[in-house]
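K.L.:
Quick one, final_35.txt (compact mmCIF, C-alpha atoms):
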# COMPACT_ATOMS: atom_id res chain seq x y z
CA MET A 1 19.71 47.16 185.76
CA ALA A 2 19.01 49.56 182.92
CA SER A 3 21.00 52.76 182.46
CA PHE A 4 19.58 56.13 181.45
CA GLY A 5 20.96 58.85 179.23
CA VAL A 6 20.01 62.05 177.47
CA PHE A 7 19.18 62.34 173.78
CA LEU A 8 20.71 65.45 172.18
CA SER A 9 18.56 66.65 169.28
CA SER A 10 20.59 68.04 166.39
CA GLU A 11 17.35 68.97 164.63
CA GLU A 12 16.27 71.39 167.34
CA HIS A 13 19.45 72.95 168.76
CA PRO A 14 22.53 74.69 167.33
CA ALA A 15 25.97 73.24 167.82
CA ARG A 16 27.02 75.33 170.81
CA ALA A 17 23.78 74.52 172.62
CA LEU A 18 24.28 70.79 172.06
CA VAL A 19 27.79 70.99 173.51
CA GLU A 20 26.47 72.87 176.53
CA GLN A 21 23.65 70.34 176.98
CA ALA A 22 26.20 67.52 176.99
CA ARG A 23 28.29 69.35 179.60
CA ALA A 24 25.23 70.05 181.74
CA ALA A 25 24.05 66.44 181.48
CA GLU A 26 27.41 65.20 182.73
CA ALA A 27 27.35 67.73 185.57
CA ALA A 28 23.87 66.50 186.50
CA GLY A 29 25.17 62.94 186.81
CA PHE A 30 24.31 61.42 183.46
CA ASP A 31 27.10 59.29 182.03
CA ARG A 32 25.78 58.66 178.51
CA ALA A 33 24.14 60.47 175.62
CA TRP A 34 22.74 59.94 172.17
CA ILE A 35 23.18 62.57 169.46
CA SER A 36 21.25 62.58 166.20
CA ASP A 37 22.86 63.02 162.78
CA HIS A 38 20.78 64.89 160.19
CA TYR A 39 21.32 67.14 157.19
CA HIS A 40 17.80 68.59 157.52
CA PRO A 41 15.49 68.91 160.50
CA TRP A 42 12.16 67.14 160.18
CA ASN A 43 10.40 70.48 159.75
CA ASP A 44 11.24 74.18 159.64
CA GLU A 45 9.95 74.80 163.16
CA GLN A 46 12.75 72.65 164.59
CA GLY A 47 15.09 74.87 162.66
CA GLN A 48 18.59 73.40 163.13
CA SER A 49 20.91 70.72 161.80
CA PRO A 50 24.60 71.17 162.63
CA PHE A 51 27.23 68.75 161.33
CA VAL A 52 27.38 66.10 164.01
CA TRP A 53 31.11 65.34 163.66
CA SER A 54 31.99 68.95 164.47
CA VAL A 55 29.64 68.89 167.45
CA LEU A 56 31.26 65.68 168.72
CA GLY A 57 34.61 67.45 168.77
CA GLY A 58 33.10 70.13 170.98
CA ILE A 59 31.51 67.56 173.28
CA ALA A 60 34.83 65.73 173.57
CA THR A 61 36.51 68.82 174.95
CA ALA A 62 33.60 69.92 177.16
CA THR A 63 33.11 66.59 178.94
CA GLU A 64 35.29 64.04 180.70
CA ARG A 65 33.09 61.02 181.37
CA LEU A 66 30.07 61.25 179.08
CA HIS A 67 29.79 58.33 176.64
CA VAL A 68 28.25 59.41 173.33
CA THR A 69 26.56 57.30 170.64
CA THR A 70 25.48 58.61 167.24
CA ALA A 71 21.80 57.80 166.96
CA VAL A 72 22.11 57.28 164.15
CA THR A 73 24.52 57.98 161.31
CA CYS A 74 23.69 56.83 157.78
CA PRO A 75 26.96 55.68 156.16
CA THR A 76 25.58 54.78 152.75
CA ILE A 77 24.62 57.65 150.42
CA ARG A 78 25.22 61.19 151.66
CA ILE A 79 28.62 60.26 153.11
CA HIS A 80 30.76 57.38 151.86
CA PRO A 81 31.50 54.75 154.54
CA ALA A 82 35.25 55.34 154.15
CA ILE A 83 34.72 58.91 155.34
CA ILE A 84 32.47 57.79 158.20
CA ALA A 85 35.23 55.34 159.19
CA GLN A 86 37.73 58.21 159.44
CA ALA A 87 35.30 60.53 161.24
CA ALA A 88 34.32 57.88 163.79
CA ALA A 89 37.94 56.87 164.36
CA THR A 90 38.83 60.50 165.08
CA ALA A 91 35.89 60.88 167.46
CA ALA A 92 37.02 57.74 169.26
CA THR A 93 40.53 59.15 169.70
CA MET A 94 39.08 62.31 171.20
CA MET A 95 36.82 60.36 173.58
CA PRO A 96 38.84 57.26 174.45
CA GLY A 97 36.52 54.47 175.50
CA ARG A 98 33.45 56.68 175.44
CA PHE A 99 32.32 56.83 171.80
CA THR A 100 30.04 54.40 169.99
CA LEU A 101 29.11 54.52 166.31
CA GLY A 102 25.40 53.99 165.81
CA VAL A 103 24.39 53.48 162.17
CA GLY A 104 21.20 52.93 160.21
CA SER A 105 19.83 52.81 156.71
CA GLY A 106 18.80 56.46 156.77
CA GLU A 107 15.95 58.62 155.58
CA ALA A 108 15.32 60.21 152.20
CA LEU A 109 15.04 63.52 154.09
CA ASN A 110 18.83 63.60 154.47
CA GLU A 111 20.17 61.29 151.80
CA HIS A 112 18.61 62.78 148.64
CA ILE A 113 20.59 66.00 148.74
CA LEU A 114 23.25 65.02 146.16
CA GLY A 115 20.67 63.85 143.64
CA ASP A 116 21.15 60.13 144.31
CA ARG A 117 18.16 57.84 143.92
CA TRP A 118 16.51 56.66 147.11
CA PRO A 119 16.74 52.86 146.94
CA PRO A 120 14.05 50.48 148.17
CA ALA A 121 14.37 49.21 151.72
CA ASP A 122 15.99 45.86 150.89
CA GLU A 123 18.71 47.55 148.86
CA ARG A 124 19.31 50.13 151.59
CA LEU A 125 19.90 47.32 154.07
CA ASP A 126 22.34 45.62 151.68
CA MET A 127 24.17 48.94 151.36
CA LEU A 128 24.29 49.32 155.13
CA GLU A 129 25.72 45.84 155.59
CA GLU A 130 28.46 46.50 153.05
CA ALA A 131 29.15 49.94 154.53
CA VAL A 132 29.73 48.44 157.98
CA GLU A 133 32.13 45.93 156.39
CA VAL A 134 34.07 48.82 154.82
CA ILE A 135 34.19 50.76 158.11
CA ARG A 136 35.49 47.81 160.10
CA LEU A 137 38.06 47.00 157.42
CA LEU A 138 39.46 50.54 157.52
CA TRP A 139 39.70 50.46 161.31
CA MET A 140 42.29 47.71 160.96
CA ASP A 141 45.96 48.57 160.71
CA GLY A 142 47.51 48.92 157.28
CA VAL A 143 46.47 49.85 153.77
CA HIS A 144 43.19 48.48 152.44
CA SER A 145 41.34 48.20 149.18
CA PHE A 146 37.77 47.06 148.71
CA GLU A 147 35.51 46.48 145.73
CA GLY A 148 31.95 45.56 146.56
CA ARG A 149 28.52 45.82 145.05
CA PHE A 150 28.08 49.42 146.21
CA TYR A 151 31.43 50.80 147.38
CA VAL A 152 35.01 50.97 146.18
CA VAL A 153 37.99 51.83 148.37
CA GLU A 154 41.41 52.10 146.76
CA HIS A 155 44.63 51.94 148.78
CA ALA A 156 43.26 53.69 151.86
CA ARG A 157 44.70 53.83 155.34
CA ILE A 158 43.31 55.59 158.42
CA TYR A 159 46.32 56.78 160.39
CA SER A 160 44.51 58.35 163.36
CA ARG A 161 42.80 55.43 165.05
CA PRO A 162 41.92 54.54 168.65
CA ASP A 163 43.69 51.66 170.35
CA THR A 164 40.40 49.76 170.35
CA PRO A 165 37.83 50.35 167.59
CA PRO A 166 34.44 51.61 168.79
CA ASP A 167 31.46 49.31 168.79
CA VAL A 168 29.08 49.59 165.85
CA LEU A 169 25.44 49.57 166.90
CA VAL A 170 22.83 49.10 164.17
CA SER A 171 19.30 50.45 164.23
CA GLY A 172 16.33 48.41 163.16
CA PHE A 173 12.56 48.85 163.06
CA GLY A 174 11.07 46.30 160.67
CA PRO A 175 11.85 42.55 160.68
CA LYS A 176 14.36 42.72 157.81
CA ALA A 177 16.28 45.59 159.39
CA ILE A 178 16.36 43.78 162.71
CA SER A 179 17.71 40.66 161.01
CA CYS A 180 20.43 42.77 159.41
CA ALA A 181 21.30 44.24 162.80
CA ALA A 182 21.44 40.78 164.39
CA ARG A 183 23.95 39.66 161.73
CA ILE A 184 26.35 42.56 161.78
CA ALA A 185 25.92 44.69 164.92
CA ASP A 186 27.80 44.93 168.19
CA GLY A 187 24.50 46.11 169.68
CA PHE A 188 20.97 47.17 168.79
CA ILE A 189 19.36 50.63 168.52
CA THR A 190 15.71 51.48 168.10
CA VAL A 191 13.18 53.99 169.38
CA GLY A 192 10.11 53.19 171.41
CA ARG A 193 9.34 50.19 173.57
CA GLU A 194 9.27 47.58 170.80
CA ALA A 195 9.64 44.40 172.82
CA ASP A 196 8.90 42.24 169.76
CA GLY A 197 11.76 43.81 167.82
CA LEU A 198 14.19 43.32 170.68
CA ARG A 199 13.00 39.76 171.11
CA GLN A 200 13.65 39.08 167.41
CA TYR A 201 17.13 40.59 167.72
CA ARG A 202 17.94 38.31 170.66
CA ASP A 203 16.31 35.25 169.05
CA GLU A 204 18.49 35.75 165.97
CA LYS A 205 21.61 35.80 168.15
CA GLY A 206 22.10 39.53 168.08
CA ARG A 207 24.82 40.46 170.55
CA GLY A 208 25.66 43.36 172.80
CA ILE A 209 23.56 46.01 174.45
CA ALA A 210 20.12 47.17 173.32
CA GLN A 211 19.42 50.91 173.34
CA THR A 212 16.16 52.75 172.86
CA GLY A 213 14.94 56.31 173.17
CA LEU A 214 11.84 58.40 173.72
CA LYS A 215 10.81 62.03 173.65
CA VAL A 216 9.26 63.92 176.55
CA CYS A 217 8.40 67.51 177.37
CA TRP A 218 8.81 68.53 180.97
CA GLY A 219 7.25 71.80 182.09
CA GLU A 220 4.96 73.16 184.79
CA ASP A 221 2.03 73.60 182.36
CA GLU A 222 1.02 70.32 180.70
CA ALA A 223 -1.14 71.98 178.04
CA ALA A 224 1.69 74.33 177.08
CA CYS A 225 4.00 71.32 176.78
CA VAL A 226 1.55 69.55 174.47
CA ASP A 227 1.31 72.69 172.33
CA LEU A 228 5.11 72.89 172.16
CA VAL A 229 5.49 69.27 171.08
CA HIS A 230 2.69 69.62 168.54
CA ARG A 231 4.47 72.64 167.05
CA LEU A 232 8.01 71.28 167.06
CA TRP A 233 7.66 67.49 166.78
CA PRO A 234 4.34 66.54 165.15
CA ASN A 235 6.29 63.97 163.14
CA GLU A 236 6.23 61.83 166.29
CA GLY A 237 2.69 60.96 165.23
CA LEU A 238 3.58 59.72 161.74
CA PRO A 239 3.16 55.98 161.25
CA GLY A 240 5.07 53.26 159.44
CA GLU A 241 7.65 54.01 156.76
CA LEU A 242 6.70 57.65 156.15
CA PRO A 243 9.69 59.02 158.10
CA GLN A 244 12.02 57.01 155.85
CA VAL A 245 10.55 57.99 152.49
CA LEU A 246 9.35 61.61 152.70
CA PRO A 247 12.13 63.67 151.07
CA THR A 248 11.83 67.22 152.44
CA PRO A 249 10.80 69.15 155.54
CA GLU A 250 7.96 70.58 153.47
CA HIS A 251 6.58 67.07 152.90
CA PHE A 252 6.74 66.38 156.62
CA GLU A 253 4.86 69.60 157.31
CA GLN A 254 2.15 68.52 154.89
CA ALA A 255 1.89 65.01 156.35
CA THR A 256 1.83 66.18 159.96
CA GLN A 257 -1.25 68.31 159.37
CA LEU A 258 -3.04 65.03 160.13
CA VAL A 259 -1.43 64.80 163.60
CA THR A 260 -3.64 66.24 166.33
CA ARG A 261 -2.85 67.63 169.76
CA GLU A 262 -4.72 64.69 171.22
CA MET A 263 -2.43 62.25 169.43
CA ILE A 264 0.62 64.05 170.82
CA ALA A 265 -0.80 64.18 174.34
CA GLU A 266 -1.34 60.43 174.23
CA GLN A 267 2.07 59.52 172.79
CA VAL A 268 4.51 61.95 174.45
CA PRO A 269 4.81 62.37 178.24
CA CYS A 270 4.16 66.06 178.82
CA GLY A 271 4.03 68.24 181.91
CA PRO A 272 5.20 68.00 185.53
CA ASP A 273 3.85 64.56 186.54
CA ALA A 274 6.97 62.63 187.55
CA ASP A 275 5.02 59.38 187.81
CA ARG A 276 3.97 59.61 184.18
CA HIS A 277 7.51 60.29 183.02
CA ALA A 278 8.84 57.42 185.12
CA ALA A 279 6.12 55.06 183.90
CA ALA A 280 6.95 55.82 180.26
CA ILE A 281 10.61 55.00 180.84
CA GLN A 282 9.75 51.92 182.87
CA GLU A 283 7.83 50.51 179.91
CA HIS A 284 11.07 50.57 177.92
CA VAL A 285 12.97 48.94 180.77
CA ASP A 286 10.29 46.26 181.11
CA ALA A 287 10.60 45.57 177.38
CA GLY A 288 14.17 44.47 178.06
CA PHE A 289 16.30 47.41 176.92
CA ASP A 290 19.65 47.93 178.61
CA GLU A 291 19.87 51.68 178.00
CA VAL A 292 17.09 54.26 177.64
CA TYR A 293 17.76 57.75 176.26
CA VAL A 294 15.37 60.63 176.93
CA ASN A 295 15.03 63.71 174.73
CA GLN A 296 13.55 66.86 176.27
CA ILE A 297 11.63 68.80 173.64
CA GLY A 298 11.95 72.57 173.91
CA PRO A 299 14.43 75.09 175.29
CA ASP A 300 14.36 74.30 179.03
CA GLN A 301 17.04 71.64 179.07
CA GLN A 302 18.37 72.53 182.53
CA GLY A 303 14.91 72.37 184.05
CA PHE A 304 14.49 68.93 182.50
CA LEU A 305 17.82 67.73 183.90
CA ASP A 306 16.96 69.01 187.36
CA PHE A 307 13.50 67.43 187.25
CA TYR A 308 14.78 64.07 186.06
CA THR A 309 17.65 63.80 188.51
CA ARG A 310 15.47 64.96 191.42
CA GLU A 311 12.07 63.40 190.65
CA VAL A 312 12.12 60.83 187.86
CA LEU A 313 15.29 58.73 188.01
CA PRO A 314 14.95 58.00 191.75
CA ARG A 315 11.60 56.41 190.97
CA LEU A 316 13.36 54.07 188.57
CA ARG A 317 16.55 53.28 190.45
Represent the structure contained in this file as structure tokens.
P.N.:
Amino acid sequence: MASFGVFLSSEEHPARALVEQARAAEAAGFDRAWISDHYHPWNDEQGQSPFVWSVLGGIATATERLHVTTAVTCPTIRIHPAIIAQAAATAATMMPGRFTLGVGSGEALNEHILGDRWPPADERLDMLEEAVEVIRLLWMDGVHSFEGRFYVVEHARIYSRPDTPPDVLVSGFGPKAISCAARIADGFITVGREADGLRQYRDEKGRGIAQTGLKVCWGEDEAACVDLVHRLWPNEGLPGELPQVLPTPEHFEQATQLVTREMIAEQVPCGPDADRHAAAIQEHVDAGFDEVYVNQIGPDQQGFLDFYTREVLPRLR
């Protein structure tokens, strides 16, 4: 049976709000959460982007049972994988048995900020594979050095480590990324109900759980919800590789001028119809995913939690 969690949006909420949302989700009965890791939001209307590793420290102290996965961290350009290894190890010590490191090949939106070139997709996947190797090496006891194609580590030791290293889940959207995930991951992350991608991951002997996520907007007025999503998250309507290659929020704002309200209304469950919300989640369950994470767009997070625990999840369970 699939499990359900909340998706905490670092692009839309400040750090304190994210910690409170995690606490409220646990109080409402949710036992798992995703949290995004960005340097920039997708557009200025979203308006936030706190440092996820600081937020995770707050969540660790505000919750007791909630299992949190980064969805996802890019350990290749903006932050060296040796630093991600230390950050994730610390998070795992603060949340024993309830932290998972989700990683991916990233977006230019976040990774260009230090002036590094944005590599082509194949090279980004090679970097990700080597970065995961570095992270797992540094989670082992002792002093380690590494010299690879992309990364060098010299006489490094992580002293603060959990008794058991966290799992590393790898995101994938296209066939090459999914193949990379199947080779190196402890589990699979994607967004949407991509049954073909999950099937490829399983066919290529990918192990572990498969997680996916979707965005919704609960509210009493469906039209107002559509307007809210269209204002805050029009990038949900962008196709293909655009989210990986556009470098700034301004570029996303230009591209999303092509996204209409009608497109949003079709793609994102909006309004108070519990059957529609449940049907959208059920599609992900039917595609074979083990865990489905739901992100409420907009400020009314408590209303969303109440609605889902009262009306939506019982339809699924």
K.L.:
When distances are computed from all atoms listed in the file, which of A:Leu101, A:Ala60, A:Cys270, A:Ala278 shows the smallest separation from Asp221 in chain A?
P.N.:
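Among the listed residues, the smallest separation from Asp221 in chain A belongs to A:Cys270.
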K.L.:
For each of A:Leu258, A:Val170, A:Val134, A:Ala62, take the minimum atom-to-atom distance to Gln86 in chain A, counting all atoms listed in the file, then give the residue where this is smallest.
P.N.:
A:Val134
K.L.:
Skipping near chain neighbours, those fewer than 4 positions away, what residues fall within 6 Å of range 36-44 of chain A using only C-alpha atoms, listed as a ChimeraX atom specification?
P.N.:
/A:9-11,49,52,70-73,110,249
K.L.:
So that I can see what lies close to Thr93 in chain A, please list as a list in words the residues with an atom at most 10 Å from it, counting only C-alpha atoms and leaving out residues fewer than 4 positions away in the same chain.
P.N.:
Ala60, Ala88, Ala89, Gly97, Arg98, Phe99, Ser160, Arg161, Pro162, Asp163, Thr164, Pro165 and Pro166 of chain A
K.L.:
What is the distance, in Å and to one decimal place, between CA of Ala131 in chain A and CA of Leu109 in chain A?
P.N.:
19.6 Å
K.L.:
Need the shell around Leu313 in chain A: protein/DNA/RNA residues with any atom at most 10 Å away, counting all atoms listed in the file. Skip same-chain ones fewer than 4 positions apart. Format as a list in words?
P.N.:
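Using all atoms listed in the file, the neighbours found are Ser3, Phe4, Ala274, His277, Ala278, Ile281, Phe307, Tyr308, Thr309 and Arg317 of chain A.
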K.L.:
Leaving out Gly192 in chain A and any residue of its chain fewer than 4 positions from it, which residues lie within 9 Å of it when counting all atoms listed in the file, given as a PyMOL selection string?
P.N.:
chain A and resi 212-214+284
K.L.:
Have a look at CA of Ala2 in chain A and CA of Gly208 in chain A and let me know their distance in Å, one decimal.
P.N.:
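So the two atoms, CA of Ala2 in chain A and CA of Gly208 in chain A, lie 13.6 Å apart.
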K.L.:
Choose the residue, out of A:Val153, A:Arg183, A:Ser145, A:Glu107, that has the smallest atom-to-atom separation from Asp126 in chain A; count all atoms listed in the file.
P.N.:
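Among the listed residues, A:Arg183 lies closest to Asp126 in chain A.
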K.L.:
For the interface of range 47-76 of chain A with range 16-21 of chain A (cut-off 8 Å, counting all atoms listed in the file), please tabulate each contacting residue of range 47-76 of chain A alongside its nearest pair of atoms and their separation in Å to one decimal, rows sorted by chain and increasing number, as a tab-separated table.
P.N.:
residue	atom	partner	partner_atom	distance
A:Val55	CA	A:Val19	CA	6.7
A:Leu56	CA	A:Val19	CA	7.9
A:Gly58	CA	A:Val19	CA	5.9
A:Ile59	CA	A:Val19	CA	5.1
A:Ala62	CA	A:Val19	CA	6.9
K.L.:
Kindly export the residues of the current selection with C-alpha atoms, as a PDB file, keeping the file's coordinate frame.
P.N.:
ATOM      1  CA  VAL A  55      29.640  68.890 167.450  1.00  0.00           C
ATOM      2  CA  LEU A  56      31.260  65.680 168.720  1.00  0.00           C
ATOM      3  CA  GLY A  58      33.100  70.130 170.980  1.00  0.00           C
ATOM      4  CA  ILE A  59      31.510  67.560 173.280  1.00  0.00           C
ATOM      5  CA  ALA A  62      33.600  69.920 177.160  1.00  0.00           C
TER       6      ALA A  62
END
K.L.:
When you draw a straight line from CA of Ala223 in chain A to CA of Arg261 in chain A, how long is it in Å?
P.N.:
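Atom-to-atom, CA of Ala223 in chain A and CA of Arg261 in chain A are spaced 9.5 Å apart.
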K.L.:
Each side padded by 6 Å, which centre and which edge lengths in Å (one decimal) define the axis-aligned box around the listed atoms of range 134-145 of chain A? Give them as AutoDock Vina command-line options.
P.N.:
--center_x 40.8 --center_y 48.9 --center_z 155.2 --size_x 25.4 --size_y 15.8 --size_z 24.1
K.L.:
Kindly indicate which residue among A:Gly115, A:Ala265, A:Ile158, A:Ala177 lies nearest to Ala224 in chain A, using all atoms listed in the file for the distances.
P.N.:
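Comparing A:Gly115, A:Ala265, A:Ile158, A:Ala177 against Ala224 in chain A, the winner is A:Ala265.
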K.L.:
For range 202-205 of chain A, work out the shell of residues within 12 Å, counting all atoms listed in the file and skipping chain neighbours fewer than 5 positions away, then give it as a PDB file with C-alpha atoms, in the frame of the given file.
P.N.:
ATOM      1  CA  PRO A 175      11.850  42.550 160.680  1.00  0.00           C
ATOM      2  CA  LYS A 176      14.360  42.720 157.810  1.00  0.00           C
ATOM      3  CA  ILE A 178      16.360  43.780 162.710  1.00  0.00           C
ATOM      4  CA  SER A 179      17.710  40.660 161.010  1.00  0.00           C
ATOM      5  CA  CYS A 180      20.430  42.770 159.410  1.00  0.00           C
ATOM      6  CA  ALA A 181      21.300  44.240 162.800  1.00  0.00           C
ATOM      7  CA  ALA A 182      21.440  40.780 164.390  1.00  0.00           C
ATOM      8  CA  ARG A 183      23.950  39.660 161.730  1.00  0.00           C
ATOM      9  CA  ILE A 184      26.350  42.560 161.780  1.00  0.00           C
ATOM     10  CA  ALA A 185      25.920  44.690 164.920  1.00  0.00           C
ATOM     11  CA  ASP A 186      27.800  44.930 168.190  1.00  0.00           C
ATOM     12  CA  GLY A 187      24.500  46.110 169.680  1.00  0.00           C
ATOM     13  CA  PHE A 188      20.970  47.170 168.790  1.00  0.00           C
ATOM     14  CA  ALA A 195       9.640  44.400 172.820  1.00  0.00           C
ATOM     15  CA  ASP A 196       8.900  42.240 169.760  1.00  0.00           C
ATOM     16  CA  GLY A 197      11.760  43.810 167.820  1.00  0.00           C
ATOM     17  CA  ALA A 210      20.120  47.170 173.320  1.00  0.00           C
ATOM     18  CA  GLY A 288      14.170  44.470 178.060  1.00  0.00           C
ATOM     19  CA  PHE A 289      16.300  47.410 176.920  1.00  0.00           C
TER      20      PHE A 289
END
K.L.:
Using all atoms listed in the file, find the one residue out of A:Asp306, A:Glu133, A:Glu266, A:Asp167 that sits nearest to Val152 in chain A.
P.N.:
A:Glu133
K.L.:
For Ile113 in chain A, which of A:Met140, A:Arg78, A:Ala27, A:Val6 is the closest residue, counting only C-alpha atoms?
P.N.:
A:Arg78
K.L.:
Generate the missing atoms of range 60-78 of chain A up to N, CA, C and O atoms and report them as a short mmCIF file (atom, residue, chain, number, x, y, z; two decimals), keeping the file's coordinate frame.
P.N.:
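Now in result-v4.cif:
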data_model
loop_
_atom_site.label_atom_id
_atom_site.label_comp_id
_atom_site.auth_asym_id
_atom_site.auth_seq_id
_atom_site.Cartn_x
_atom_site.Cartn_y
_atom_site.Cartn_z
N ALA A 60 33.63 66.41 173.06
CA ALA A 60 34.83 65.73 173.57
C ALA A 60 35.64 66.63 174.48
O ALA A 60 36.19 66.18 175.48
N THR A 61 35.72 67.90 174.14
CA THR A 61 36.51 68.82 174.95
C THR A 61 35.74 69.37 176.14
O THR A 61 36.36 69.83 177.12
N ALA A 62 34.41 69.35 176.09
CA ALA A 62 33.60 69.92 177.16
C ALA A 62 33.24 68.91 178.24
O ALA A 62 32.73 69.30 179.29
N THR A 63 33.48 67.63 177.99
CA THR A 63 33.11 66.59 178.94
C THR A 63 34.32 65.70 179.23
O THR A 63 35.29 65.67 178.47
N GLU A 64 34.21 64.94 180.31
CA GLU A 64 35.29 64.04 180.70
C GLU A 64 34.85 62.60 180.81
O GLU A 64 35.65 61.69 180.62
N ARG A 65 33.57 62.38 181.13
CA ARG A 65 33.09 61.02 181.37
C ARG A 65 31.95 60.60 180.45
O ARG A 65 31.68 59.41 180.31
N LEU A 66 31.28 61.54 179.84
CA LEU A 66 30.07 61.25 179.08
C LEU A 66 30.38 60.36 177.88
O LEU A 66 31.25 60.68 177.06
N HIS A 67 29.67 59.24 177.78
CA HIS A 67 29.79 58.33 176.64
C HIS A 67 28.74 58.71 175.61
O HIS A 67 27.56 58.84 175.94
N VAL A 68 29.15 58.90 174.36
CA VAL A 68 28.25 59.41 173.33
C VAL A 68 28.12 58.39 172.20
O VAL A 68 29.11 57.84 171.71
N THR A 69 26.88 58.17 171.77
CA THR A 69 26.56 57.30 170.64
C THR A 69 25.84 58.11 169.57
O THR A 69 24.91 58.87 169.89
N THR A 70 26.25 57.99 168.32
CA THR A 70 25.48 58.61 167.24
C THR A 70 24.21 57.80 167.03
O THR A 70 24.25 56.59 166.85
N ALA A 71 23.09 58.50 167.02
CA ALA A 71 21.80 57.80 166.96
C ALA A 71 20.87 58.47 165.93
O ALA A 71 20.04 59.27 166.29
N VAL A 72 21.02 58.09 164.69
CA VAL A 72 22.11 57.28 164.15
C VAL A 72 22.65 57.95 162.90
O VAL A 72 22.01 58.78 162.30
N THR A 73 23.87 57.53 162.53
CA THR A 73 24.52 57.98 161.31
C THR A 73 24.15 57.05 160.15
O THR A 73 24.12 55.83 160.32
N CYS A 74 23.90 57.63 158.99
CA CYS A 74 23.69 56.83 157.78
C CYS A 74 24.98 56.84 156.97
O CYS A 74 25.37 57.88 156.44
N PRO A 75 25.66 55.70 156.83
CA PRO A 75 26.96 55.68 156.16
C PRO A 75 26.89 55.18 154.72
O PRO A 75 27.83 54.58 154.22
N THR A 76 25.79 55.46 154.03
CA THR A 76 25.58 54.78 152.75
C THR A 76 25.49 55.68 151.53
O THR A 76 25.95 55.30 150.46
N ILE A 77 24.88 56.86 151.62
CA ILE A 77 24.62 57.65 150.42
C ILE A 77 25.23 59.04 150.54
O ILE A 77 26.11 59.42 149.77
N ARG A 78 24.75 59.81 151.51
CA ARG A 78 25.22 61.19 151.66
C ARG A 78 26.70 61.26 151.97
O ARG A 78 27.41 62.16 151.51
#
